[in-house]
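Student: entry_10.txt is reproduced below (compact mmCIF, C-alpha atoms).
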```
# COMPACT_ATOMS: atom_id res chain seq x y z
CA MET P 1 -36.61 94.92 -16.57
CA GLU P 2 -33.28 93.10 -16.68
CA CYS P 3 -33.73 90.38 -19.21
CA ASP P 4 -32.20 86.97 -19.20
CA ARG P 5 -28.64 87.05 -20.62
CA LYS P 6 -29.42 83.97 -22.68
CA LEU P 7 -32.27 85.74 -24.40
CA ARG P 8 -30.04 88.65 -25.36
CA GLU P 9 -27.52 86.16 -26.71
CA LEU P 10 -30.30 84.53 -28.70
CA ILE P 11 -31.21 87.94 -30.14
CA ASP P 12 -27.57 88.51 -31.11
CA ARG P 13 -27.46 85.07 -32.70
CA SER P 14 -30.63 85.78 -34.67
CA PHE P 15 -28.78 88.63 -36.42
CA ALA P 16 -25.47 86.87 -36.94
CA GLU P 17 -26.56 83.39 -37.92
CA LYS P 18 -29.58 81.25 -38.71
CA ILE P 19 -31.78 80.31 -35.78
CA SER P 20 -34.63 77.85 -35.71
CA GLU P 21 -38.24 78.84 -36.14
CA SER P 22 -39.00 77.98 -32.51
CA GLU P 23 -36.15 80.20 -31.29
CA ARG P 24 -37.45 83.01 -33.48
CA GLN P 25 -40.87 82.54 -31.93
CA ILE P 26 -39.35 82.80 -28.42
CA ILE P 27 -37.82 86.17 -29.30
CA HIS P 28 -41.01 87.32 -30.96
CA ASP P 29 -43.16 86.39 -27.95
CA HIS P 30 -40.71 87.98 -25.54
CA ILE P 31 -40.30 91.36 -27.21
CA ARG P 32 -44.07 91.75 -27.36
CA ASP P 33 -44.04 92.26 -23.59
CA CYS P 34 -40.51 93.54 -22.97
CA ASP P 35 -39.66 97.09 -24.02
CA GLY P 36 -35.99 96.66 -23.06
CA CYS P 37 -35.48 93.76 -25.43
CA LYS P 38 -37.62 95.38 -28.11
CA ARG P 39 -35.27 98.36 -28.00
CA TYR P 40 -32.30 96.00 -28.02
CA VAL P 41 -33.57 94.34 -31.20
CA GLU P 42 -34.25 97.72 -32.82
CA LEU P 43 -30.81 99.06 -31.93
CA THR P 44 -29.10 95.95 -33.25
CA ALA P 45 -31.09 96.14 -36.48
CA ARG P 46 -30.19 99.83 -36.84
CA THR P 47 -26.54 99.09 -36.16
CA ILE P 48 -26.41 96.47 -38.91
CA ARG P 49 -28.36 98.69 -41.30
CA GLY P 50 -25.98 101.54 -40.49
CA LEU P 51 -22.99 99.32 -41.23
CA ARG P 52 -24.44 98.46 -44.62
CA GLU P 53 -24.87 102.14 -45.42
CA PHE P 54 -21.15 102.88 -45.64
CA THR P 55 -20.18 103.48 -49.24
CA PHE P 56 -16.51 103.26 -50.05
CA ARG P 57 -15.41 104.21 -53.50
CA SER P 58 -12.12 102.81 -54.69
CA GLU P 59 -10.09 105.13 -56.87
CA ALA P 60 -11.51 105.27 -60.38
CA ASP P 61 -8.46 103.76 -62.09
CA SER P 62 -7.80 101.29 -59.28
CA SER P 63 -8.76 98.18 -61.29
CA VAL P 64 -6.91 99.40 -64.37
CA ARG P 65 -3.76 99.93 -62.30
CA VAL P 66 -4.05 96.45 -60.81
CA LEU P 67 -4.37 94.91 -64.27
CA GLU P 68 -1.31 96.83 -65.47
CA ILE P 69 0.68 95.59 -62.48
CA LEU P 70 -0.48 92.02 -63.13
CA ALA P 71 0.45 92.27 -66.82
CA HIS P 72 3.89 93.61 -65.89
CA HIS P 73 4.33 90.87 -63.32
CA THR P 74 3.27 88.16 -65.77
CA GLU P 75 5.80 89.42 -68.33
CA ALA P 76 8.59 89.60 -65.73
CA THR P 77 7.79 86.05 -64.59
CA ARG P 78 7.77 84.82 -68.20
CA GLN P 79 11.20 86.39 -68.84
CA HIS P 80 12.53 84.88 -65.65
CA ASN P 81 11.17 81.45 -66.60
CA VAL P 82 12.74 81.64 -70.07
CA GLN P 83 16.09 82.56 -68.53
CA PHE P 84 15.81 79.74 -66.02
CA ARG P 85 14.91 77.19 -68.68
CA ILE P 86 17.90 78.21 -70.80
CA TRP P 87 20.32 77.74 -67.93
CA ALA P 88 18.63 74.47 -67.01
CA ALA P 89 18.95 73.23 -70.61
CA PHE P 90 22.63 74.27 -70.63
CA ALA P 91 23.25 72.43 -67.36
CA VAL P 92 21.54 69.27 -68.65
CA ALA P 93 23.42 69.39 -71.96
CA LEU P 94 26.73 69.85 -70.15
CA LEU P 95 25.98 67.05 -67.72
CA MET P 96 25.00 64.68 -70.51
CA SER P 97 28.22 65.54 -72.41
CA ILE P 98 30.42 64.90 -69.41
CA VAL P 99 28.66 61.78 -68.15
CA GLY P 100 28.29 60.32 -71.66
CA SER P 101 31.91 61.02 -72.54
CA ALA P 102 33.19 59.63 -69.24
CA LEU P 103 31.21 56.46 -69.82
CA VAL P 104 32.43 55.96 -73.39
CA TYR P 105 35.99 56.88 -72.33
CA HIS P 106 35.93 53.96 -69.90
CA LEU P 107 34.24 51.60 -72.35
CA ALA P 108 36.84 52.45 -74.98
CA ARG P 109 39.05 49.48 -74.05
CA PHE P 110 36.18 47.07 -74.82
CA LEU P 111 35.56 48.74 -78.18
CA ALA P 112 39.21 49.14 -79.09
CA ALA P 113 40.08 45.44 -79.48
CA PRO P 114 37.24 44.37 -81.86
CA MET P 115 37.81 47.52 -83.94
CA HIS P 116 41.58 46.95 -84.07
CA PHE P 117 42.37 50.31 -82.47
CA GLU P 118 44.52 51.31 -79.54
CA ASN P 119 42.74 52.35 -76.34
CA ALA P 120 44.23 55.82 -76.58
CA GLN P 121 42.99 56.24 -80.15
CA VAL P 122 39.38 55.49 -79.20
CA GLN P 123 39.62 57.72 -76.16
CA ALA P 124 40.98 60.58 -78.23
CA GLY P 125 38.15 60.03 -80.71
CA VAL P 126 35.62 60.29 -77.89
CA LEU P 127 37.14 63.55 -76.74
CA VAL P 128 37.32 65.11 -80.20
CA PHE P 129 34.11 63.84 -81.78
CA TRP P 130 31.83 63.63 -78.75
CA LEU P 131 32.83 65.78 -75.80
CA LEU P 132 34.00 68.81 -77.74
CA PRO P 133 30.96 69.09 -80.10
CA SER P 134 28.57 68.45 -77.18
CA PHE P 135 30.21 71.13 -75.12
CA CYS P 136 30.07 73.58 -78.04
CA ALA P 137 26.40 72.76 -78.62
CA ALA P 138 25.67 73.47 -74.97
CA LEU P 139 27.47 76.80 -75.18
CA CYS P 140 25.48 77.68 -78.31
CA LEU P 141 22.33 77.55 -76.17
CA LEU P 142 23.58 80.49 -74.17
CA ALA P 143 24.98 82.40 -77.11
CA ALA P 144 21.95 82.15 -79.41
CA PRO P 145 19.61 85.14 -79.63
CA ARG P 146 16.59 84.70 -77.34
CA GLU P 147 14.05 84.04 -80.12
CA ASN P 148 16.22 81.21 -81.56
CA ARG P 149 16.53 79.25 -78.35
CA GLY P 150 14.07 76.67 -79.57
CA ILE P 151 15.09 74.04 -77.08
CA ALA P 152 14.28 76.31 -74.12
CA MET Z 153 -21.86 65.70 -67.87
CA THR Z 154 -22.22 68.31 -65.13
CA ALA Z 155 -21.39 71.90 -65.85
CA GLU Z 156 -18.15 73.18 -64.31
CA THR Z 157 -18.93 75.06 -61.11
CA GLU Z 158 -18.02 78.71 -60.77
CA THR Z 159 -15.28 77.99 -58.23
CA ALA Z 160 -13.82 75.15 -60.30
CA LYS Z 161 -13.72 77.50 -63.27
CA ILE Z 162 -11.86 80.09 -61.19
CA ALA Z 163 -9.41 77.45 -59.93
CA ARG Z 164 -8.69 76.27 -63.47
CA GLY Z 165 -8.29 79.83 -64.73
CA LEU Z 166 -5.87 80.69 -61.93
CA ARG Z 167 -3.83 77.55 -62.61
CA GLU Z 168 -3.60 78.48 -66.27
CA ARG Z 169 -3.06 82.17 -65.48
CA ASP Z 170 -5.99 83.04 -67.72
CA LYS Z 171 -5.75 86.79 -68.35
CA GLN Z 172 -9.44 87.26 -69.01
CA LEU Z 173 -10.43 85.45 -65.83
CA LEU Z 174 -8.02 87.56 -63.79
CA ALA Z 175 -9.43 90.73 -65.32
CA ASP Z 176 -12.96 89.57 -64.44
CA LEU Z 177 -11.94 88.75 -60.88
CA VAL Z 178 -10.26 92.14 -60.42
CA GLU Z 179 -13.33 93.86 -61.80
CA ARG Z 180 -15.59 91.91 -59.49
CA TYR Z 181 -13.59 91.90 -56.27
CA GLN Z 182 -11.34 94.98 -56.26
CA HIS Z 183 -13.92 97.21 -54.62
CA ARG Z 184 -14.73 94.63 -51.95
CA LEU Z 185 -11.06 93.92 -51.35
CA VAL Z 186 -10.22 97.60 -50.80
CA ARG Z 187 -13.19 97.93 -48.47
CA TYR Z 188 -12.10 94.90 -46.43
CA LEU Z 189 -8.54 96.19 -46.17
CA LEU Z 190 -9.84 99.59 -45.18
CA TYR Z 191 -11.77 98.04 -42.31
CA LEU Z 192 -8.73 96.04 -41.34
CA THR Z 193 -6.09 98.78 -41.45
CA GLY Z 194 -8.22 101.91 -41.01
CA ARG Z 195 -6.06 103.66 -43.61
CA ARG Z 196 -7.06 104.32 -47.21
CA GLU Z 197 -3.52 104.41 -48.63
CA TYR Z 198 -2.60 101.10 -47.01
CA ALA Z 199 -5.78 99.53 -48.36
CA GLU Z 200 -5.09 100.46 -51.99
CA ASP Z 201 -1.45 99.30 -51.84
CA LEU Z 202 -2.34 96.06 -50.11
CA ALA Z 203 -5.10 95.32 -52.60
CA GLN Z 204 -2.53 95.51 -55.42
CA GLU Z 205 -0.18 93.23 -53.49
CA THR Z 206 -3.02 90.80 -52.90
CA TRP Z 207 -3.71 90.44 -56.62
CA VAL Z 208 -0.03 89.82 -57.33
CA ARG Z 209 -0.12 87.10 -54.68
CA VAL Z 210 -3.26 85.63 -56.26
CA LEU Z 211 -1.40 85.47 -59.57
CA GLN Z 212 1.65 83.83 -57.97
CA ARG Z 213 -0.23 81.35 -55.79
CA GLY Z 214 -3.32 80.82 -57.91
CA SER Z 215 -2.54 77.13 -58.26
CA GLN Z 216 -3.07 76.73 -54.50
CA TYR Z 217 -6.77 77.58 -54.82
CA ASN Z 218 -8.50 74.23 -55.17
CA GLY Z 219 -11.97 75.44 -56.15
CA ARG Z 220 -13.67 73.36 -53.47
CA GLN Z 221 -14.34 76.39 -51.30
CA GLN Z 222 -15.67 79.83 -52.16
CA PHE Z 223 -13.20 82.25 -53.73
CA ASP Z 224 -13.97 85.24 -51.45
CA PRO Z 225 -12.72 83.74 -48.16
CA TRP Z 226 -9.55 82.57 -49.88
CA LEU Z 227 -8.95 86.03 -51.33
CA PHE Z 228 -9.64 87.78 -48.02
CA ALA Z 229 -7.35 85.38 -46.15
CA ILE Z 230 -4.49 86.30 -48.50
CA ALA Z 231 -5.25 90.00 -48.02
CA ARG Z 232 -5.36 89.57 -44.25
CA ASN Z 233 -1.98 87.84 -44.07
CA LEU Z 234 -0.45 90.49 -46.29
CA ALA Z 235 -1.92 93.26 -44.14
CA ILE Z 236 -0.42 91.73 -41.00
CA ASP Z 237 3.00 91.36 -42.67
CA TYR Z 238 2.79 94.89 -44.06
CA LEU Z 239 1.96 96.42 -40.68
CA ARG Z 240 4.71 94.40 -39.05
CA LYS Z 241 7.30 95.69 -41.55
CA LYS Z 242 6.04 99.24 -41.37
CA LEU Z 243 6.16 99.30 -37.59
CA LYS Z 244 9.57 97.68 -37.46
CA VAL Z 245 10.90 100.69 -39.33
CA VAL Z 246 9.44 103.28 -36.98
CA GLN Z 247 9.82 101.63 -33.61
CA THR Z 248 12.63 99.76 -32.00
CA ALA Z 249 10.52 98.14 -29.29
CA SER Z 250 9.79 94.46 -29.84
CA LEU Z 251 6.67 93.76 -31.84
CA PRO Z 252 4.00 91.31 -30.66
CA ASN Z 253 4.30 87.72 -31.80
CA ASP Z 254 0.57 87.14 -32.16
CA PRO Z 255 -0.30 88.10 -35.78
CA ASP Z 256 -3.70 89.47 -34.74
CA ALA Z 257 -2.01 91.77 -32.24
CA MET Z 258 -0.39 93.61 -35.17
CA LEU Z 259 -3.84 94.81 -36.16
CA LEU Z 260 -4.41 96.26 -32.72
CA LEU Z 261 -1.52 98.68 -32.86
CA PRO Z 262 -2.81 102.25 -33.15
CA THR Z 263 -3.00 103.99 -36.51
CA SER Z 264 -3.24 107.69 -37.13
CA GLY Z 265 -4.65 109.87 -39.92
CA PRO Z 266 -8.12 110.87 -41.07
CA SER Z 267 -10.95 108.42 -40.57
CA PRO Z 268 -12.06 106.79 -43.83
CA PHE Z 269 -15.35 105.86 -42.19
CA GLU Z 270 -16.64 109.40 -41.73
CA ALA Z 271 -16.25 110.09 -45.44
CA ALA Z 272 -18.09 106.89 -46.30
CA ALA Z 273 -21.08 107.36 -43.98
CA ARG Z 274 -24.28 107.92 -45.95
CA SER Z 275 -26.96 108.07 -43.26
CA GLU Z 276 -27.46 109.61 -39.84
CA ASP Z 277 -26.88 106.29 -38.08
CA ALA Z 278 -23.85 105.57 -40.23
CA ILE Z 279 -22.37 108.96 -39.28
CA ARG Z 280 -22.81 108.07 -35.60
CA LEU Z 281 -21.27 104.66 -36.16
CA ALA Z 282 -18.31 106.12 -38.10
CA GLY Z 283 -16.75 107.67 -35.00
CA GLN Z 284 -17.10 104.45 -33.07
CA LEU Z 285 -15.80 102.37 -35.98
CA GLN Z 286 -12.59 104.38 -36.08
CA ILE Z 287 -11.81 103.56 -32.45
CA LEU Z 288 -13.26 100.05 -32.54
CA SER Z 289 -10.71 97.25 -32.54
CA PRO Z 290 -9.91 96.24 -36.16
CA LEU Z 291 -10.54 92.64 -35.10
CA TYR Z 292 -14.18 93.52 -34.44
CA ARG Z 293 -14.48 95.82 -37.45
CA GLU Z 294 -13.20 93.03 -39.63
CA VAL Z 295 -15.75 90.40 -38.58
CA LEU Z 296 -18.62 92.90 -38.72
CA LEU Z 297 -17.73 93.76 -42.29
CA LEU Z 298 -17.30 90.14 -43.33
CA ARG Z 299 -20.61 89.14 -41.80
CA PHE Z 300 -22.89 92.07 -42.54
CA GLN Z 301 -21.48 93.59 -45.69
CA GLU Z 302 -19.73 90.70 -47.38
CA GLU Z 303 -22.43 88.32 -46.14
CA LEU Z 304 -19.90 85.57 -45.49
CA SER Z 305 -21.08 82.66 -43.37
CA LEU Z 306 -19.53 82.14 -39.94
CA PRO Z 307 -17.41 79.13 -41.08
CA GLU Z 308 -16.17 81.20 -44.04
CA ILE Z 309 -15.17 84.03 -41.69
CA ALA Z 310 -13.39 81.50 -39.47
CA GLN Z 311 -11.51 80.36 -42.56
CA VAL Z 312 -10.41 83.93 -43.39
CA LEU Z 313 -9.26 84.55 -39.83
CA GLY Z 314 -7.78 81.11 -39.30
CA ALA Z 315 -9.60 81.16 -35.98
CA PRO Z 316 -12.19 78.95 -34.27
CA LEU Z 317 -15.88 79.61 -34.83
CA THR Z 318 -16.34 80.63 -31.19
CA THR Z 319 -13.76 83.43 -31.62
CA VAL Z 320 -15.62 84.67 -34.67
CA THR Z 321 -19.00 84.75 -32.95
CA SER Z 322 -17.68 86.38 -29.80
CA ARG Z 323 -15.97 89.10 -31.88
CA ILE Z 324 -19.19 89.73 -33.80
CA TYR Z 325 -21.25 90.06 -30.62
CA ARG Z 326 -18.71 92.30 -28.88
CA GLY Z 327 -18.34 94.48 -31.95
CA LEU Z 328 -22.10 94.79 -32.27
CA ALA Z 329 -22.37 95.66 -28.58
CA GLU Z 330 -19.87 98.51 -28.91
CA LEU Z 331 -21.55 99.96 -31.98
CA ARG Z 332 -24.98 99.55 -30.44
CA SER Z 333 -23.88 101.53 -27.41
CA ALA Z 334 -22.68 104.34 -29.71
CA LEU Z 335 -26.14 104.54 -31.28
CA GLU Z 336 -27.80 104.37 -27.88
CA GLU Z 337 -25.67 107.20 -26.51
CA GLY Z 338 -26.43 109.25 -29.60
CA ASP Z 339 -30.16 108.67 -29.07
CA SER Z 340 -30.03 109.67 -25.44
CA TYR Z 341 -28.11 112.88 -26.22
CA GLY Z 342 -30.50 113.53 -29.06
CA VAL Z 343 -27.63 113.76 -31.56
```
Take the structure in the file and give it back as structure tokens.
Tutor:
Amino acid sequence: MECDRKLRELIDRSFAEKISESERQIIHDHIRDCDGCKRYVELTARTIRGLREFTFRSEADSSVRVLEILAHHTEATRQHNVQFRIWAAFAVALLMSIVGSALVYHLARFLAAPMHFENAQVQAGVLVFWLLPSFCAALCLLAAPRENRGIA
Amino acid sequence: MTAETETAKIARGLRERDKQLLADLVERYQHRLVRYLLYLTGRREYAEDLAQETWVRVLQRGSQYNGRQQFDPWLFAIARNLAIDYLRKKLKVVQTASLPNDPDAMLLLPTSGPSPFEAAARSEDAIRLAGQLQILSPLYREVLLLRFQEELSLPEIAQVLGAPLTTVTSRIYRGLAELRSALEEGDSYGV
């Protein structure tokens, strides 16, 4: 007996997803009288059972190896981050030195008069007492041993 | 105050790169991950390598897991994308012909080597299915595993595949039909 295609689809659905109680009853009533569909249900059930009977063993040290790789990766990322932060701190320090100095250099003429200095004197002071120490401090970030780079 | 759900806990742990949580996840999912990749690639050595890559990716992109969905589909989706990329790279090396653009088509390219399924079969029916599984399209093998071994729901499988629900169901039914016919043939030959 060639059964309705929709019924076979319903049987497939009953294995793959949830079907309603009434749909289950339709299948149940049908396979009572239909050997073809009864066999179809049995074969599908056996197929799924067979699929569940495959036993794959991963290599014994597989998880251990994964954890080692993750630990190594975490350490490499940490090192990379530290390096990045140091260069970022250096860049920020350098930028602040240059921008700050440039600003004060230009404001020098407003400061010079009330302080009874020449423009050039104030500007030279900015260069010697601000730009140079700032630049040196920024360079120290790169030169310091890794464990002493507190700022990074 | 409600207790933190399992998935939210995983999401937080991944964001904070919690070592203990990662170790627990590896312990819990490594076996399932290797099995999934084995079904997908049909090759044991690819599966082990790709599982390691997957965990590295989980570590790198852990912050992208939001904890609102189950962890398994998210993990399998990462593994699947890696497997497709891996096969693409591997095949680029050995063949000069242009490779298919459709990511799923990468999984359909033939693989060689011993069948991992025969070694894993533990019953008479499973032995019969093993031969068919080796030649079955990986796209069908994949959904059958996700549904009947991993017990993922159909929407979760659709999430892993990045495919519509109708594609998932049709692959399940076609895969089942092919395996069923292998059992039926075996019965009729009295194997």
Student: Select residues of chain P: the criterion is any atom within 9 Å of an atom of chain Z, counting all atoms listed in the file; output as a PyMOL selection string.
Tutor: chain P and resi 9+12-13+16-17+40+43-44+46-59+62-67+69-71+73-74
Student: Leaving out Trp87 in chain P and any residue of its chain fewer than 2 positions from it, which residues lie within 12 Å of it when counting only C-alpha atoms, given as an NGL selection string?
Tutor: :P and (80-85 or 89-94 or 138-143 or 149 or 151-152)
Student: Starting from 6 Å padding per side, set up an axis-aligned box that covers all listed atoms of range 111-118 of chain P and hand over centre and edge lengths in Å, one decimal, as JSON.
Tutor:
```
{"center_x": 40.0, "center_y": 47.8, "center_z": -81.1, "size_x": 21.0, "size_y": 18.9, "size_z": 17.9}
```
Student: CA of His116 in chain P and CA of Cys136 in chain P are how many Å apart?
Tutor: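 Computing it gives 29.6 Å between the two atoms.
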Student: Enumerate, as a list in words, the protein, DNA and RNA residues whose atoms approach (30.1, 61.4, -74.1) to within 12 Å, taking into account all atoms listed in the file and the coordinate frame of the file.
Tutor: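 Counting all atoms listed in the file, I find these residues within 12 Å of (30.1, 61.4, -74.1): Ala93, Leu94, Leu95, Met96, Ser97, Ile98, Val99, Gly100, Ser101, Ala102, Leu103, Val104, Tyr105, His106, Leu107, Ala108, Gln123, Ala124, Gly125, Val126, Leu127, Val128, Phe129, Trp130, Leu131, Leu132, Pro133, Ser134 and Phe135 of chain P.
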Student: Find the spatial neighbours of Ser215 in chain Z, counting only C-alpha atoms, within a cut-off of 8 Å - ignore same-chain residues fewer than 2 positions away - and output them as a VMD selection string.
Tutor: chain Z and resid 163 166 to 167 212 to 213 217 to 218
Student: Please write a file for range 8-38 of chain P, taken from the block I just shared, that holds N, CA and C atoms and is laid out as a compact mmCIF listing (two decimals), in the first residue's frame.
Tutor:
```txt
# COMPACT_ATOMS: atom_id res chain seq x y z
N ARG P 8 3.67 10.23 5.76
CA ARG P 8 5.10 9.91 5.95
C ARG P 8 5.85 11.15 6.48
N GLU P 9 5.47 12.30 5.98
CA GLU P 9 6.11 13.54 6.45
C GLU P 9 5.79 13.76 7.93
N LEU P 10 4.55 13.42 8.29
CA LEU P 10 4.14 13.56 9.69
C LEU P 10 4.96 12.61 10.57
N ILE P 11 5.20 11.40 10.05
CA ILE P 11 6.02 10.44 10.81
C ILE P 11 7.44 11.00 10.99
N ASP P 12 8.00 11.53 9.89
CA ASP P 12 9.33 12.14 9.99
C ASP P 12 9.34 13.26 11.04
N ARG P 13 8.30 14.08 10.97
CA ARG P 13 8.22 15.21 11.91
C ARG P 13 8.15 14.72 13.34
N SER P 14 7.43 13.60 13.54
CA SER P 14 7.26 13.10 14.91
C SER P 14 8.61 12.72 15.53
N PHE P 15 9.59 12.38 14.68
CA PHE P 15 10.91 12.03 15.20
C PHE P 15 11.81 13.26 15.37
N ALA P 16 11.60 14.24 14.50
CA ALA P 16 12.51 15.38 14.51
C ALA P 16 12.05 16.52 15.41
N GLU P 17 10.76 16.64 15.60
CA GLU P 17 10.26 17.75 16.42
C GLU P 17 9.02 17.32 17.20
N LYS P 18 8.50 18.25 17.97
CA LYS P 18 7.31 17.92 18.77
C LYS P 18 6.07 18.00 17.89
N ILE P 19 5.21 16.99 18.01
CA ILE P 19 3.93 17.08 17.29
C ILE P 19 2.81 17.03 18.32
N SER P 20 1.64 17.43 17.90
CA SER P 20 0.53 17.49 18.86
C SER P 20 0.03 16.07 19.17
N GLU P 21 -0.74 15.99 20.22
CA GLU P 21 -1.28 14.70 20.65
C GLU P 21 -2.21 14.12 19.58
N SER P 22 -2.97 15.02 18.93
CA SER P 22 -3.91 14.53 17.90
C SER P 22 -3.13 13.98 16.70
N GLU P 23 -2.03 14.64 16.34
CA GLU P 23 -1.21 14.15 15.23
C GLU P 23 -0.60 12.79 15.58
N ARG P 24 -0.18 12.68 16.83
CA ARG P 24 0.39 11.40 17.28
C ARG P 24 -0.66 10.28 17.18
N GLN P 25 -1.88 10.66 17.52
CA GLN P 25 -2.97 9.68 17.46
C GLN P 25 -3.23 9.24 16.01
N ILE P 26 -3.12 10.20 15.09
CA ILE P 26 -3.33 9.87 13.66
C ILE P 26 -2.30 8.82 13.22
N ILE P 27 -1.05 9.05 13.60
CA ILE P 27 0.00 8.09 13.22
C ILE P 27 -0.29 6.73 13.86
N HIS P 28 -0.61 6.79 15.15
CA HIS P 28 -0.87 5.56 15.89
C HIS P 28 -2.00 4.75 15.26
N ASP P 29 -3.09 5.43 14.92
CA ASP P 29 -4.24 4.75 14.31
C ASP P 29 -3.87 4.17 12.95
N HIS P 30 -3.05 4.94 12.21
CA HIS P 30 -2.71 4.51 10.86
C HIS P 30 -1.80 3.27 10.86
N ILE P 31 -0.78 3.30 11.69
CA ILE P 31 0.18 2.18 11.61
C ILE P 31 -0.40 0.86 12.15
N ARG P 32 -1.53 0.99 12.84
CA ARG P 32 -2.19 -0.23 13.32
C ARG P 32 -2.65 -1.09 12.13
N ASP P 33 -3.04 -0.38 11.06
CA ASP P 33 -3.57 -1.11 9.89
C ASP P 33 -2.61 -1.12 8.70
N CYS P 34 -1.53 -0.37 8.77
CA CYS P 34 -0.66 -0.25 7.59
C CYS P 34 0.74 -0.79 7.89
N ASP P 35 1.06 -1.93 7.33
CA ASP P 35 2.37 -2.55 7.58
C ASP P 35 3.51 -1.72 7.02
N GLY P 36 3.25 -1.09 5.85
CA GLY P 36 4.29 -0.26 5.21
C GLY P 36 4.73 0.87 6.12
N CYS P 37 3.77 1.56 6.68
CA CYS P 37 4.11 2.70 7.55
C CYS P 37 4.66 2.22 8.89
N LYS P 38 4.18 1.07 9.33
CA LYS P 38 4.69 0.51 10.59
C LYS P 38 6.18 0.22 10.43
```
